[in-house]
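Source file: structure-v3.txt; contents: compact mmCIF, C-alpha atoms and all ligand atoms.
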# COMPACT_ATOMS: atom_id res chain seq x y z
CA MET A 15 127.60 66.66 229.96
CA TYR A 16 125.97 67.29 226.58
CA LYS A 17 122.38 66.12 226.17
CA LEU A 18 121.08 64.70 222.87
CA THR A 19 118.36 62.25 221.89
CA VAL A 20 116.82 60.51 218.89
CA PHE A 21 113.09 61.00 218.39
CA GLY A 22 111.07 58.38 216.49
CA HIS A 23 108.16 55.97 216.77
CA PRO A 24 109.00 53.15 217.28
CA ILE A 25 112.52 53.86 218.51
CA ASP A 26 113.69 50.83 220.52
CA HIS A 27 115.67 49.41 217.57
CA SER A 28 117.71 52.62 217.02
CA LEU A 29 121.50 52.25 216.91
CA SER A 30 122.05 56.03 217.08
CA PRO A 31 122.90 56.09 220.83
CA VAL A 32 125.65 53.45 220.38
CA ILE A 33 127.04 55.23 217.31
CA GLN A 34 127.04 58.71 218.87
CA GLN A 35 128.59 57.47 222.15
CA ALA A 36 131.35 55.84 220.10
CA PHE A 37 132.01 59.15 218.29
CA ALA A 38 131.96 61.12 221.57
CA SER A 39 134.54 58.80 223.12
CA GLN A 40 136.95 59.67 220.26
CA PHE A 41 137.08 63.25 221.63
CA ASP A 42 136.54 62.56 225.36
CA ILE A 43 133.21 64.34 225.10
CA GLU A 44 130.75 63.40 227.88
CA LEU A 45 127.48 62.67 226.16
CA ASP A 46 124.06 61.72 227.44
CA TYR A 47 122.35 60.42 224.25
CA SER A 48 118.93 58.87 224.84
CA LYS A 49 116.05 57.45 222.76
CA THR A 50 112.71 59.26 222.91
CA ASP A 51 109.60 57.47 221.69
CA ALA A 52 107.32 60.15 220.29
CA PRO A 53 104.25 59.48 218.15
CA LEU A 54 103.57 62.25 215.65
CA GLU A 55 100.87 63.93 217.74
CA LEU A 56 103.20 64.20 220.78
CA PHE A 57 106.39 65.19 218.94
CA VAL A 58 106.23 69.00 219.38
CA GLU A 59 105.47 68.68 223.10
CA SER A 60 108.18 66.08 223.58
CA LEU A 61 110.78 68.13 221.63
CA ASN A 62 110.01 71.33 223.57
CA ALA A 63 110.31 69.50 226.89
CA PHE A 64 113.66 68.00 225.84
CA LEU A 65 115.12 71.33 224.70
CA HIS A 66 113.99 73.14 227.83
CA GLU A 67 115.58 70.44 229.98
CA GLY A 68 118.93 71.36 228.41
CA GLY A 69 118.96 69.30 225.19
CA MET A 70 121.40 70.76 222.64
CA GLY A 71 119.82 69.02 219.65
CA ALA A 72 118.52 65.71 218.38
CA ASN A 73 118.26 63.18 215.62
CA VAL A 74 114.84 62.60 214.13
CA THR A 75 113.69 59.42 212.43
CA VAL A 76 110.50 57.81 211.03
CA PRO A 77 107.76 59.14 211.09
CA LEU A 78 108.85 62.59 212.30
CA LYS A 79 111.26 63.99 209.69
CA GLU A 80 108.67 66.03 207.76
CA GLU A 81 107.22 67.44 210.98
CA ALA A 82 110.72 68.39 212.19
CA PHE A 83 111.23 70.24 208.90
CA LYS A 84 108.15 72.38 209.59
CA LEU A 85 109.37 73.34 213.07
CA CYS A 86 112.78 74.77 212.11
CA ALA A 87 113.57 78.48 212.00
CA GLU A 88 116.61 77.83 209.80
CA LEU A 89 117.28 75.01 207.33
CA SER A 90 120.33 73.65 205.53
CA LYS A 91 120.25 73.45 201.73
CA GLU A 92 119.85 69.65 201.90
CA ALA A 93 116.94 69.87 204.37
CA ARG A 94 115.19 72.50 202.24
CA LEU A 95 115.48 70.32 199.11
CA ALA A 96 114.43 67.13 200.91
CA GLN A 97 111.68 68.93 202.86
CA SER A 98 112.64 66.80 205.81
CA VAL A 99 115.06 67.04 208.72
CA ASN A 100 117.01 64.28 210.47
CA THR A 101 119.31 66.44 212.62
CA LEU A 102 118.30 69.33 214.90
CA LEU A 103 120.52 71.92 216.58
CA TRP A 104 119.14 74.23 219.26
CA GLN A 105 121.19 77.39 218.76
CA GLY A 106 120.45 80.64 220.59
CA GLU A 107 116.80 79.72 221.15
CA ARG A 108 116.40 78.95 217.44
CA LEU A 109 115.89 75.52 215.95
CA GLN A 110 118.18 74.73 213.03
CA GLY A 111 117.39 71.75 210.80
CA PHE A 112 119.70 69.62 208.64
CA ASN A 113 119.29 66.53 206.51
CA THR A 114 122.44 64.40 206.50
CA ASP A 115 120.88 61.20 205.07
CA GLY A 116 121.81 61.75 201.42
CA LEU A 117 125.31 63.01 202.16
CA GLY A 118 125.75 60.01 204.46
CA LEU A 119 124.76 57.65 201.64
CA VAL A 120 127.14 59.30 199.17
CA GLN A 121 129.97 59.21 201.73
CA ASP A 122 129.37 55.49 202.36
CA ILE A 123 129.20 54.61 198.65
CA ARG A 124 132.32 56.58 197.76
CA HIS A 125 134.59 56.15 200.75
CA ASN A 126 133.58 52.90 202.49
CA GLN A 127 132.41 50.93 199.45
CA ASN A 128 134.92 52.57 197.06
CA GLN A 129 132.33 52.93 194.30
CA THR A 130 131.87 55.90 191.99
CA ILE A 131 128.56 57.57 191.18
CA GLU A 132 129.77 59.85 188.39
CA GLY A 133 128.49 58.73 184.97
CA LYS A 134 126.52 55.81 186.43
CA SER A 135 122.96 54.76 185.60
CA ILE A 136 121.07 54.58 188.89
CA LEU A 137 117.80 52.87 189.73
CA ILE A 138 116.13 53.88 193.00
CA ILE A 139 113.24 51.67 194.06
CA GLY A 140 110.82 53.51 196.36
CA ALA A 141 109.64 57.12 196.45
CA GLY A 142 109.15 57.78 200.16
CA GLY A 143 110.94 60.05 202.62
CA ALA A 144 114.34 58.36 202.25
CA THR A 145 114.32 58.76 198.45
CA LYS A 146 113.48 62.44 198.83
CA GLY A 147 116.56 62.86 201.03
CA ILE A 148 119.03 61.11 198.72
CA ILE A 149 118.12 62.51 195.27
CA ALA A 150 119.90 65.90 195.44
CA PRO A 151 123.17 64.56 196.93
CA LEU A 152 123.19 61.79 194.27
CA LEU A 153 122.55 64.32 191.47
CA ASN A 154 125.46 66.40 192.79
CA GLN A 155 127.75 63.46 192.00
CA SER A 156 126.91 63.76 188.26
CA PRO A 157 125.36 60.35 187.54
CA GLN A 158 124.30 59.58 183.96
CA SER A 159 120.64 59.14 185.02
CA ILE A 160 118.42 58.34 188.01
CA THR A 161 115.29 56.25 187.44
CA ILE A 162 112.82 56.20 190.33
CA ALA A 163 110.50 53.18 190.37
CA ASN A 164 107.57 53.04 192.74
CA ARG A 165 104.47 50.97 193.46
CA THR A 166 102.49 54.23 193.53
CA LEU A 167 103.76 55.81 190.31
CA SER A 168 102.35 59.27 191.11
CA LYS A 169 104.76 59.58 194.08
CA ALA A 170 107.77 58.91 191.84
CA GLU A 171 106.42 61.40 189.30
CA SER A 172 105.96 64.13 191.88
CA LEU A 173 109.55 63.63 193.09
CA CYS A 174 110.77 64.13 189.49
CA LYS A 175 108.68 67.29 189.30
CA HIS A 176 109.95 68.57 192.64
CA PHE A 177 113.64 68.11 191.76
CA ASP A 178 113.09 69.18 188.14
CA ASN A 179 116.20 67.63 186.57
CA VAL A 180 116.45 66.07 183.09
CA LYS A 181 118.39 63.14 184.53
CA LEU A 182 115.38 62.01 186.59
CA HIS A 183 112.76 59.57 185.29
CA ALA A 184 109.79 57.91 186.98
CA ILE A 185 108.51 54.41 186.23
CA ASP A 186 105.97 52.04 187.68
CA LEU A 187 107.37 49.28 189.90
CA ASP A 188 105.65 46.72 187.63
CA LYS A 189 107.94 47.72 184.75
CA LEU A 190 111.01 46.41 186.59
CA ALA A 191 110.09 42.80 185.87
CA SER A 192 110.61 43.33 182.14
CA LEU A 193 113.87 45.34 182.17
CA THR A 194 116.31 44.20 179.51
CA GLU A 195 119.39 46.28 180.44
CA PRO A 196 121.34 46.34 183.71
CA PHE A 197 121.79 49.43 185.88
CA ASP A 198 125.19 50.36 187.37
CA LEU A 199 123.78 51.12 190.81
CA ILE A 200 120.47 49.85 192.23
CA ILE A 201 119.30 51.37 195.51
CA ASN A 202 116.46 49.79 197.45
CA ALA A 203 114.67 52.61 199.26
CA THR A 204 111.46 50.68 199.93
CA SER A 205 110.52 49.18 203.24
CA ALA A 206 109.89 45.82 201.51
CA SER A 207 113.03 44.25 203.02
CA LEU A 208 111.48 44.72 206.48
CA GLY A 209 109.00 41.99 205.60
CA GLY A 210 111.71 39.85 203.96
CA GLU A 211 110.03 40.33 200.56
CA GLU A 212 111.85 40.06 197.23
CA LEU A 213 111.18 42.89 194.79
CA PRO A 214 109.78 42.06 191.31
CA ILE A 215 112.92 42.96 189.32
CA ALA A 216 114.22 41.17 186.20
CA LYS A 217 117.50 39.29 186.81
CA THR A 218 119.08 41.21 183.92
CA ALA A 219 118.82 44.50 185.81
CA PHE A 220 121.28 43.27 188.46
CA LYS A 221 123.99 41.94 186.14
CA GLY A 222 127.34 43.37 187.34
CA CYS A 223 125.68 46.15 189.35
CA PHE A 224 126.42 47.57 192.78
CA ALA A 225 123.31 46.98 194.90
CA TYR A 226 122.62 49.07 197.99
CA ASP A 227 119.79 48.49 200.48
CA LEU A 228 119.06 51.52 202.68
CA MET A 229 117.72 49.09 205.27
CA TYR A 230 120.31 47.53 207.57
CA SER A 231 120.37 44.33 209.52
CA PRO A 232 122.61 42.84 212.25
CA ASP A 233 123.95 40.11 209.93
CA ARG A 234 124.51 42.79 207.24
CA GLU A 235 122.33 40.88 204.75
CA THR A 236 118.80 41.77 203.68
CA ALA A 237 116.22 40.16 201.38
CA PHE A 238 117.31 42.69 198.74
CA THR A 239 121.08 42.14 199.04
CA LYS A 240 120.53 38.37 198.82
CA GLN A 241 118.28 38.79 195.78
CA ALA A 242 120.82 41.10 194.10
CA LEU A 243 123.79 38.77 194.64
CA ALA A 244 121.80 35.71 193.53
CA HIS A 245 120.92 37.56 190.31
CA GLY A 246 124.43 38.64 189.36
CA ALA A 247 125.18 41.86 191.29
CA LYS A 248 128.93 42.46 191.66
CA VAL A 249 128.64 43.83 195.20
CA ALA A 250 125.72 44.31 197.58
CA CYS A 251 125.57 46.02 200.94
CA ASP A 252 123.05 47.12 203.55
CA GLY A 253 122.52 50.68 204.83
CA LEU A 254 124.51 50.55 208.06
CA GLY A 255 127.34 52.57 206.54
CA MET A 256 124.85 55.27 205.58
CA LEU A 257 123.49 55.32 209.12
CA VAL A 258 126.98 55.71 210.60
CA GLU A 259 128.01 58.37 208.05
CA GLN A 260 124.83 60.45 208.47
CA GLY A 261 125.44 60.24 212.22
CA ALA A 262 129.04 61.43 211.80
CA LEU A 263 127.81 64.46 209.84
CA GLY A 264 125.32 65.16 212.65
CA PHE A 265 128.08 64.88 215.26
CA GLU A 266 130.10 67.45 213.30
CA ILE A 267 127.11 69.82 213.26
CA TRP A 268 126.77 69.56 217.06
CA PHE A 269 130.43 69.51 218.09
CA GLY A 270 132.37 70.95 215.13
CA GLN A 271 134.65 67.89 215.03
CA LYS A 272 134.69 65.14 212.42
CA PRO A 273 134.68 61.65 213.97
CA GLN A 274 136.36 58.56 212.50
CA THR A 275 133.70 56.24 211.11
CA LYS A 276 135.70 53.15 210.16
CA GLN A 277 136.34 52.00 213.73
CA VAL A 278 132.63 52.44 214.54
CA LEU A 279 131.55 50.51 211.42
CA ASP A 280 134.00 47.73 212.30
CA LYS A 281 132.13 47.18 215.58
CA PHE A 282 129.08 46.11 213.61
CA GLN A 283 130.76 43.39 211.56
CA PRO A 284 128.78 40.15 212.12
P1 LIG B 1 108.50 55.52 203.54
O1 LIG B 1 107.46 54.82 204.35
O2 LIG B 1 108.49 56.99 203.42
O3 LIG B 1 108.45 54.93 202.02
C1 LIG B 1 108.38 53.54 201.81
C2 LIG B 1 108.52 53.24 200.33
O4 LIG B 1 108.54 51.81 200.19
C3 LIG B 1 107.38 53.76 199.45
O5 LIG B 1 107.91 54.14 198.21
C4 LIG B 1 106.49 52.51 199.32
O6 LIG B 1 105.73 52.50 198.13
C5 LIG B 1 107.54 51.43 199.25
N1 LIG B 1 107.07 50.09 199.66
C6 LIG B 1 106.71 49.69 200.90
N2 LIG B 1 106.42 48.37 200.90
C7 LIG B 1 106.62 47.93 199.63
C8 LIG B 1 106.49 46.67 198.99
N3 LIG B 1 106.10 45.60 199.67
N4 LIG B 1 106.79 46.57 197.68
C9 LIG B 1 107.19 47.67 196.99
N5 LIG B 1 107.32 48.89 197.52
C10 LIG B 1 107.04 49.02 198.83
O7 LIG B 1 109.89 54.97 204.11
P2 LIG B 1 111.32 55.70 204.05
O8 LIG B 1 111.49 56.25 202.68
O9 LIG B 1 111.46 56.61 205.20
O10 LIG B 1 112.33 54.47 204.32
C11 LIG B 1 112.59 53.49 203.32
C12 LIG B 1 113.67 52.54 203.82
O11 LIG B 1 114.90 53.24 203.99
C13 LIG B 1 113.38 51.90 205.17
O12 LIG B 1 113.78 50.54 205.13
C14 LIG B 1 114.25 52.68 206.15
O13 LIG B 1 114.61 51.91 207.26
C15 LIG B 1 115.46 52.96 205.27
N6 LIG B 1 116.27 54.12 205.70
C16 LIG B 1 117.58 53.91 206.05
C17 LIG B 1 118.39 54.96 206.42
C18 LIG B 1 119.82 54.69 206.77
O14 LIG B 1 120.47 55.55 207.39
N7 LIG B 1 120.36 53.56 206.38
C19 LIG B 1 117.88 56.33 206.51
C20 LIG B 1 116.50 56.46 206.09
C21 LIG B 1 115.73 55.38 205.73
P3 LIG B 1 104.31 53.30 198.04
O15 LIG B 1 104.66 54.75 197.85
O16 LIG B 1 103.65 52.71 196.85
O17 LIG B 1 103.60 53.02 199.33

Is it possible to give me this structure as structure tokens?
Ligand code: NDP
Amino acid sequence: MYKLTVFGHPIDHSLSPVIQQAFASQFDIELDYSKTDAPLELFVESLNAFLHEGGMGANVTVPLKEEAFKLCAELSKEARLAQSVNTLLWQGERLQGFNTDGLGLVQDIRHNQNQTIEGKSILIIGAGGATKGIIAPLLNQSPQSITIANRTLSKAESLCKHFDNVKLHAIDLDKLASLTEPFDLIINATSASLGGEELPIAKTAFKGCFAYDLMYSPDRETAFTKQALAHGAKVACDGLGMLVEQGALGFEIWFGQKPQTKQVLDKFQP
């Protein structure tokens, strides 16, 4: 029996155990995948206890990804660029860290949503941990440009500085209300949908775009996807596909086998 967990705070809402058990059953792997509630100050203690009880690795979610990054002896390229870790592997008494969030998003956009990123103008709203994780994998797909809009402009500016790419631009969230041109792809990476809030974006920005909310919801609709469709977006989806795809990449890191994601995603259709 392999032992894995997802660390976060809060963690009750996490779908990772259901997703990983579904992947494990595709290979007849016996998996004990739990949820571990760990506030930041107890994370190191909780992680050490889990690993010494036979844990082979873990997923890490809000607010622990940056702390997990600091604890790893080895890091994947994506984790190093994002400076955060969502997947841990305990290998020969060394902690290896990976960040599969951005690759999961790209996989979902390209293969589940059948949308292209190459040559597209992208607007990302939000400049928190999730945005940091998705920028490099999106840049690797050769978009035309990526504009990062944030309520706290300095955070968007420091992300542009960190990734140092001419395709990246930072703007204040307030500027979105007066946009006069549409974007091809608009990604909501704020936590505003959690409170059911609409974002202050001009209708024009959505015209014909593909809108993607990183947040997910059981009915597969969010305040942002509703706003986007009402304002002329061609397609809008929530972030469940990203969650499943980042999980599949994690499963492959732990078990060396690539699970099928479609049948798992189908289980979550409302
Ligand atoms: P952070 O807390 O790191 O960042 C939150 C961001 O949202 C900041 O840019 C913040 O702006 C902005 N924000 C918060 N409230 C508002 C508001 N009312 N209006 C405008 N901007 C607001 O969160 P994360 O980056 O970790 O997560 C962002 C979202 O992505 C969450 O909904 C999370 O669930 C989702 N997510 C989904 C994943 C998936 O697999 N589908 C994976 C990872 C994240 P400011 O800087 O000004 O405070």

Hey, what's within 10 Å of A:Leu153 if we count only C-alpha atoms and toss same-chain stuff fewer than 3 positions away? As a ChimeraX atom specification, please?
/A:131-132,148-150,156-160,177,179,181-182

Find the residues near A:Phe57: any atom within 9 Å, counting all atoms listed in the file, skip ones fewer than 4 places away on the same chain, and give them as a ChimeraX atom specification.
/A:21-22,51-53,61-62,78,81-82

Which chains and residue numbers are within 6 Å of ligand LIG 1 (chain B), counting only C-alpha atoms and all ligand atoms, if I want them as a list in words?
Asp115, Gly140, Ala141, Gly142, Gly143, Ala144, Thr145, Asn164, Arg165, Thr166, Ala203, Thr204, Ser205, Ala206, Leu228, Met229, Gly253, Leu254, Met256 and Leu257 of chain A

The selected residues should be written to file as a PDB file, keeping the file's coordinate frame (atoms: C-alpha atoms).
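Produced file again_22.pdb, reproduced below:
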ATOM      1  CA  ASP A 115     120.880  61.200 205.070  1.00  0.00           C
ATOM      2  CA  GLY A 140     110.820  53.510 196.360  1.00  0.00           C
ATOM      3  CA  ALA A 141     109.640  57.120 196.450  1.00  0.00           C
ATOM      4  CA  GLY A 142     109.150  57.780 200.160  1.00  0.00           C
ATOM      5  CA  GLY A 143     110.940  60.050 202.620  1.00  0.00           C
ATOM      6  CA  ALA A 144     114.340  58.360 202.250  1.00  0.00           C
ATOM      7  CA  THR A 145     114.320  58.760 198.450  1.00  0.00           C
ATOM      8  CA  ASN A 164     107.570  53.040 192.740  1.00  0.00           C
ATOM      9  CA  ARG A 165     104.470  50.970 193.460  1.00  0.00           C
ATOM     10  CA  THR A 166     102.490  54.230 193.530  1.00  0.00           C
ATOM     11  CA  ALA A 203     114.670  52.610 199.260  1.00  0.00           C
ATOM     12  CA  THR A 204     111.460  50.680 199.930  1.00  0.00           C
ATOM     13  CA  SER A 205     110.520  49.180 203.240  1.00  0.00           C
ATOM     14  CA  ALA A 206     109.890  45.820 201.510  1.00  0.00           C
ATOM     15  CA  LEU A 228     119.060  51.520 202.680  1.00  0.00           C
ATOM     16  CA  MET A 229     117.720  49.090 205.270  1.00  0.00           C
ATOM     17  CA  GLY A 253     122.520  50.680 204.830  1.00  0.00           C
ATOM     18  CA  LEU A 254     124.510  50.550 208.060  1.00  0.00           C
ATOM     19  CA  MET A 256     124.850  55.270 205.580  1.00  0.00           C
ATOM     20  CA  LEU A 257     123.490  55.320 209.120  1.00  0.00           C
TER      21      LEU A 257
END

Please write as number ranges by chain the list of polymer residues whose atoms come within 8 Å of (113.4, 73.8, 222.3), counting only C-alpha atoms and keeping to the coordinates of the file.
A: 61-66, 69, 104, 107-109

Give me a file of those residues, with C-alpha atoms, as a JSON list (two decimals), in the frame of the given file.
[["chain", "number", "residue", "atom", "x", "y", "z"],
["A", 61, "LEU", "CA", 110.78, 68.13, 221.63],
["A", 62, "ASN", "CA", 110.01, 71.33, 223.57],
["A", 63, "ALA", "CA", 110.31, 69.50, 226.89],
["A", 64, "PHE", "CA", 113.66, 68.00, 225.84],
["A", 65, "LEU", "CA", 115.12, 71.33, 224.70],
["A", 66, "HIS", "CA", 113.99, 73.14, 227.83],
["A", 69, "GLY", "CA", 118.96, 69.30, 225.19],
["A", 104, "TRP", "CA", 119.14, 74.23, 219.26],
["A", 107, "GLU", "CA", 116.80, 79.72, 221.15],
["A", 108, "ARG", "CA", 116.40, 78.95, 217.44],
["A", 109, "LEU", "CA", 115.89, 75.52, 215.95]]

Long-range neighbours of stretch 37-45 of chain A as JSON, numbers by chain, 7 Å cut-off, only C-alpha atoms, 2 positions minimum in chain
{"A": [15, 16, 17, 33, 34, 35, 47, 273]}

Could you pull the residues within 10 Å of stretch 193-201 of chain A, counting only C-alpha atoms, minus those fewer than 6 positions along the same chain, as number ranges by chain?
A: 129-131, 133-140, 145, 157-162, 215-228, 238, 242, 247-253

Let me see the file: selected residues, C-alpha atoms, as a PDB file, keeping the file's coordinate frame.
ATOM      1  CA  GLN A 129     132.330  52.930 194.300  1.00  0.00           C
ATOM      2  CA  THR A 130     131.870  55.900 191.990  1.00  0.00           C
ATOM      3  CA  ILE A 131     128.560  57.570 191.180  1.00  0.00           C
ATOM      4  CA  GLY A 133     128.490  58.730 184.970  1.00  0.00           C
ATOM      5  CA  LYS A 134     126.520  55.810 186.430  1.00  0.00           C
ATOM      6  CA  SER A 135     122.960  54.760 185.600  1.00  0.00           C
ATOM      7  CA  ILE A 136     121.070  54.580 188.890  1.00  0.00           C
ATOM      8  CA  LEU A 137     117.800  52.870 189.730  1.00  0.00           C
ATOM      9  CA  ILE A 138     116.130  53.880 193.000  1.00  0.00           C
ATOM     10  CA  ILE A 139     113.240  51.670 194.060  1.00  0.00           C
ATOM     11  CA  GLY A 140     110.820  53.510 196.360  1.00  0.00           C
ATOM     12  CA  THR A 145     114.320  58.760 198.450  1.00  0.00           C
ATOM     13  CA  PRO A 157     125.360  60.350 187.540  1.00  0.00           C
ATOM     14  CA  GLN A 158     124.300  59.580 183.960  1.00  0.00           C
ATOM     15  CA  SER A 159     120.640  59.140 185.020  1.00  0.00           C
ATOM     16  CA  ILE A 160     118.420  58.340 188.010  1.00  0.00           C
ATOM     17  CA  THR A 161     115.290  56.250 187.440  1.00  0.00           C
ATOM     18  CA  ILE A 162     112.820  56.200 190.330  1.00  0.00           C
ATOM     19  CA  ILE A 215     112.920  42.960 189.320  1.00  0.00           C
ATOM     20  CA  ALA A 216     114.220  41.170 186.200  1.00  0.00           C
ATOM     21  CA  LYS A 217     117.500  39.290 186.810  1.00  0.00           C
ATOM     22  CA  THR A 218     119.080  41.210 183.920  1.00  0.00           C
ATOM     23  CA  ALA A 219     118.820  44.500 185.810  1.00  0.00           C
ATOM     24  CA  PHE A 220     121.280  43.270 188.460  1.00  0.00           C
ATOM     25  CA  LYS A 221     123.990  41.940 186.140  1.00  0.00           C
ATOM     26  CA  GLY A 222     127.340  43.370 187.340  1.00  0.00           C
ATOM     27  CA  CYS A 223     125.680  46.150 189.350  1.00  0.00           C
ATOM     28  CA  PHE A 224     126.420  47.570 192.780  1.00  0.00           C
ATOM     29  CA  ALA A 225     123.310  46.980 194.900  1.00  0.00           C
ATOM     30  CA  TYR A 226     122.620  49.070 197.990  1.00  0.00           C
ATOM     31  CA  ASP A 227     119.790  48.490 200.480  1.00  0.00           C
ATOM     32  CA  LEU A 228     119.060  51.520 202.680  1.00  0.00           C
ATOM     33  CA  PHE A 238     117.310  42.690 198.740  1.00  0.00           C
ATOM     34  CA  ALA A 242     120.820  41.100 194.100  1.00  0.00           C
ATOM     35  CA  ALA A 247     125.180  41.860 191.290  1.00  0.00           C
ATOM     36  CA  LYS A 248     128.930  42.460 191.660  1.00  0.00           C
ATOM     37  CA  VAL A 249     128.640  43.830 195.200  1.00  0.00           C
ATOM     38  CA  ALA A 250     125.720  44.310 197.580  1.00  0.00           C
ATOM     39  CA  CYS A 251     125.570  46.020 200.940  1.00  0.00           C
ATOM     40  CA  ASP A 252     123.050  47.120 203.550  1.00  0.00           C
ATOM     41  CA  GLY A 253     122.520  50.680 204.830  1.00  0.00           C
TER      42      GLY A 253
END

Take atom CA of A:Lys84 and atom CA of A:Ser98 and report the distance between them in Å, one decimal.
8.1 Å

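Here atom CA of A:Phe112 and atom CA of A:Gln127 stand 24.4 Å from one another.
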
So, counting all atoms listed in the file, which residue among A:Leu103, A:Leu167, A:Leu187, A:Gln155 is closest to A:Gly270?
A:Leu103

Take atom CA of A:Val258 and atom CA of A:Leu279 and report the distance between them in Å, one decimal.
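Separation of atom CA of A:Val258 and atom CA of A:Leu279: 7.0 Å.
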